[in-house]
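I have placed the structure first, in the form of structure tokens, so that the comments after it can refer back to it.
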Amino acid sequence: MKTAYIPRDISWLSFNERVFQEATDKSVPLIERIKFLGIFSNNLDEFFRVRVATLKRLAEVKKNTKEILGENPAKLLRQIHKTVIAQQKQVEQVYELLVKELAHEKIFLVDEKHLSKEQAEYVQAYFHNNVLPTLAPIMIDSSPKFPYLNDKAIYFAVKMWKKSIGIKSVKYAVFRVPADVLPRFIVFPKLKKNDNRYIILLDNVIRFCLKEVFAIFDIDEAEAFTIKITRDAELDLDNDLSKSILEKIEKSLKQRKRGDPVRMVYDSAIPKDLLQFITKKMKKGLNLIPGGRYHNFRDFMKFPDVGHKDLLYHKPRPLPHPQLQNAKSLFAVIRKRDVFLNYPYQSFNHLIDLLREASIDPKVTSIKMTLYRLAENSNIIHILTNAIKNGKSVTVVVELQARFDEAANIFWANQLKEEGAEIIYGISGLKVHSKLLLITRTEGNDTVEYAQLGTGNFNEDTARMYCDMALLTADKKITGEVVKLFHFFSNNFRIGNYKHLLVAPFFMRKKIIKYITRETKNAASGKEAYILLKLNSLVDQEMVKKLYQASMAGVKIKIIIRGSCSLVPGIKGLSENIEAVSIIDKYLEHSRVFIFCNGGDEKIYIASADWMSRNLDQRNEVAIPIYDRKIQNEIKAILGIQFSDNTKARIIDAQQSNKYKFVAPGVKKVRSQDEIYNYLKNQLANS
């Protein structure tokens, strides 16, 4: 059946449509809606840099590409182009509506044509003091070679002329809008006489003073139109065996900066002659996307927090964990019983406290961690450095191929190495995506290991925005297998056997299929059978097929999926026993959970892995079994709250309609992220 598998990229566009819905939802605070417009744009940029760039490569190869993707890449590119152009029009319309709504809140976005005398003076001074020194125009009409335009930047394409001479006097120029070194939004000083706030974009500051940029030319008209290039961001790693993985990544990062352009977004008001001049100079096959006056809407993620507090989400402070609050020693608590953490509802500082305690505890001999994405100012790095100075052995597995974080990870790795840490630069051909911490401690005559295993990165910044889960444990069944994993990172031939952890790429796929097959057989024989899943992406074709088989046998399957979902629920005779919803709200849903009925003896896992071929076959991932009955009940309660969400949950269906769950009259509205916080708050109060 044609609708039984939705291509990953088409499904991803549907996910980003759900993000865009948040920008249109009037129940979302106004400035948060503007920020969602920025998130939507940022997501789309990365999609073009990675996925569209890859599809273009495959389309050029032509051989066996349909077998690899399951779809013709050229056809997919046409579908993507059509969808993105339609979305771009919607973005412009929604932006105009948001500007009007801001005005109702006495927040005014002013352009260069509507400045008061005082505002004009302020803009003029700001331009000369801050902006003009950063501008470096290139006269493209006289330049023999079209300039290289950087990815992620916005540029002004300028047309200038002298009226009295006409077309013969026309000159063209290009220069970068310095939004990387200056704020994109300039907030005017508050006036004493009223509560109005006025904001001007950097783009319009430059437009107001544009003729001054080209003062040496005899012109009396100049117009600037925004253009933006998106480039191929895939890393090409050569096969030179004499080079280390570090050298290959560093070389490839330099090449990424000069990747082929895959998309150009432009102001649809741009004069035809200027657009034609630019596109003739650019690479053929470029996706041309007409847009509005402003590009790089991702900058709107940093829209100024002005106006009253109701224009932003209220995000309550993270809760202390009942077992860990006021604990003198976290090791003493974990030794007694496993601890389960839910971010961002509970404090990430508990992990920081554990590492700090380990760094100064004389009984601790070693700390080992996998690091994938770190905070910009990482306290974890500072604590690990301190641990080294206190005589601890520190080993860090740094994944150099964490997309768009490669340069930062190289920086942190070098810093730790200089302090004396043992650095393992990932594994050639295998990304280390598992989230592992192992602390070894001498207790009397015993050596005891403590571990944190989780669904998210060791990152203080994202822990305030991403919904993740983590297990703190001293259970030897678990920690003994974490020890094996760190042996594998050091010696890649020592794969090891794992009875408890599900480890990719070696055993995870096989074990998950075994569990699904067991549910299928149990349902076929009339036994209770169900599967509960929470994932970011479900696109692996074998997993989709196995879930369909389970559904046809009568297994009840419920899925919470944030992003791409190639499975189509609700098809009669195929997937009628499968329900799937997607939750997009103020926090990013990021945790992965697998629950199998298993004949009444439930198997419950939290994991770092999505059900994608890359996660199951090309990465080191870990799914962690939950044995503590209390924690099992907590996980099921949290999933139960999310399955009952009827406020921010959208239904996944064949039409990719992204309809919100229907709320019958009189039924209580459930917003799961708020309900989960309240659930954990009640646990704390009753502890």
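Ordering of the structure tokens sets the chain letters (A, B, ...); residue numbers start at 1 within each chain; ligands are numbered from 1 in the order shown.
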
*asked:* Give me, as an MDAnalysis selection string, all polymer residues having an atom no more than 6 Å from Ile578 of chain A, counting only C-alpha atoms and skipping those fewer than 4 positions away in the same chain.
replied: chainID A and resid 557:558 569

_All strand (DSSP E) residues (DSSP, backbone) inside segment 167-373 of chain A, as a PyMOL selection string_ = chain A and resi 171-177+185-187+197-201+221-231+261-267+287-291+339-343+364-371

_9 Å contact set for Phe208 of chain A, only C-alpha atoms, chain neighbours under 3 positions out, as a PyMOL selection string_ = chain A and resi 111-113+120+123-124+203-205+211

*asked:* So that I can see what lies close to Lys499 of chain A, please list as a list in words the residues with an atom at most 9 Å from it, counting only C-alpha atoms and leaving out residues fewer than 3 positions away in the same chain.
replied: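 Close residues of Lys499 of chain A: Lys477, Glu481 and Leu502 of chain A.
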
File of the preceding selection, all heavy atoms, as an mmCIF file, in the first residue's frame:
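This went into again-v2.cif:
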data_model
loop_
_atom_site.group_PDB
_atom_site.id
_atom_site.type_symbol
_atom_site.label_atom_id
_atom_site.label_comp_id
_atom_site.auth_asym_id
_atom_site.auth_seq_id
_atom_site.Cartn_x
_atom_site.Cartn_y
_atom_site.Cartn_z
ATOM 1 N N LYS A 477 24.426 -5.010 37.922
ATOM 2 C CA LYS A 477 23.972 -5.559 36.637
ATOM 3 C C LYS A 477 24.141 -4.505 35.535
ATOM 4 O O LYS A 477 24.486 -4.840 34.405
ATOM 5 C CB LYS A 477 22.500 -5.983 36.732
ATOM 6 C CG LYS A 477 22.210 -7.083 37.729
ATOM 7 C CD LYS A 477 20.803 -7.647 37.583
ATOM 8 C CE LYS A 477 19.717 -6.620 37.881
ATOM 9 N NZ LYS A 477 19.677 -6.232 39.306
ATOM 10 N N GLU A 481 28.039 -3.537 32.946
ATOM 11 C CA GLU A 481 27.980 -3.478 31.484
ATOM 12 C C GLU A 481 28.419 -2.107 30.957
ATOM 13 O O GLU A 481 28.916 -2.005 29.836
ATOM 14 C CB GLU A 481 26.571 -3.841 31.013
ATOM 15 C CG GLU A 481 26.244 -5.300 31.356
ATOM 16 C CD GLU A 481 25.002 -5.846 30.686
ATOM 17 O OE1 GLU A 481 24.259 -5.050 30.043
ATOM 18 O OE2 GLU A 481 24.768 -7.060 30.785
ATOM 19 N N LEU A 502 20.615 -2.708 26.153
ATOM 20 C CA LEU A 502 20.484 -2.924 24.712
ATOM 21 C C LEU A 502 21.490 -1.991 24.049
ATOM 22 O O LEU A 502 21.382 -0.770 24.179
ATOM 23 C CB LEU A 502 19.071 -2.590 24.230
ATOM 24 C CG LEU A 502 17.888 -3.271 24.922
ATOM 25 C CD1 LEU A 502 16.598 -2.953 24.186
ATOM 26 C CD2 LEU A 502 18.088 -4.765 25.028
#

*Hey, which of A:Phe225, A:Tyr5, A:Phe488, A:Phe40 ends up closest to Glu17 of chain A? Count only C-alpha atoms.*
A:Phe40

*Rank A:Leu684, A:Pro133, A:Leu76, A:Ile367 by their smallest atom-to-atom distance to Leu324 of chain A, using only C-alpha atoms, and report the top residue only.*
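Ranking A:Leu684, A:Pro133, A:Leu76, A:Ile367 by distance to Leu324 of chain A, first place goes to A:Leu684.
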
*asked:* So that I can see what lies close to Phe506 of chain A, please list as JSON, numbers by chain the residues with an atom at most 10 Å from it, counting only C-alpha atoms and leaving out residues fewer than 6 positions away in the same chain.
replied: {"A": [495, 496, 497, 498, 616, 617, 618, 619, 620, 621]}

Selected residues, C-alpha atoms, written as a CSV table (one decimal), in the first residue's frame, please.
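Dumped to result-v4.csv:
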chain,number,residue,atom,x,y,z
A,495,ILE,CA,32.5,-5.7,21.9
A,496,GLY,CA,31.4,-7.6,25.0
A,497,ASN,CA,28.2,-9.4,25.9
A,498,TYR,CA,25.3,-7.5,27.3
A,616,LEU,CA,20.4,1.1,15.2
A,617,ASP,CA,23.2,0.2,12.7
A,618,GLN,CA,25.7,3.0,12.5
A,619,ARG,CA,26.0,4.5,16.1
A,620,ASN,CA,26.8,3.4,19.5
A,621,GLU,CA,23.5,3.8,21.4
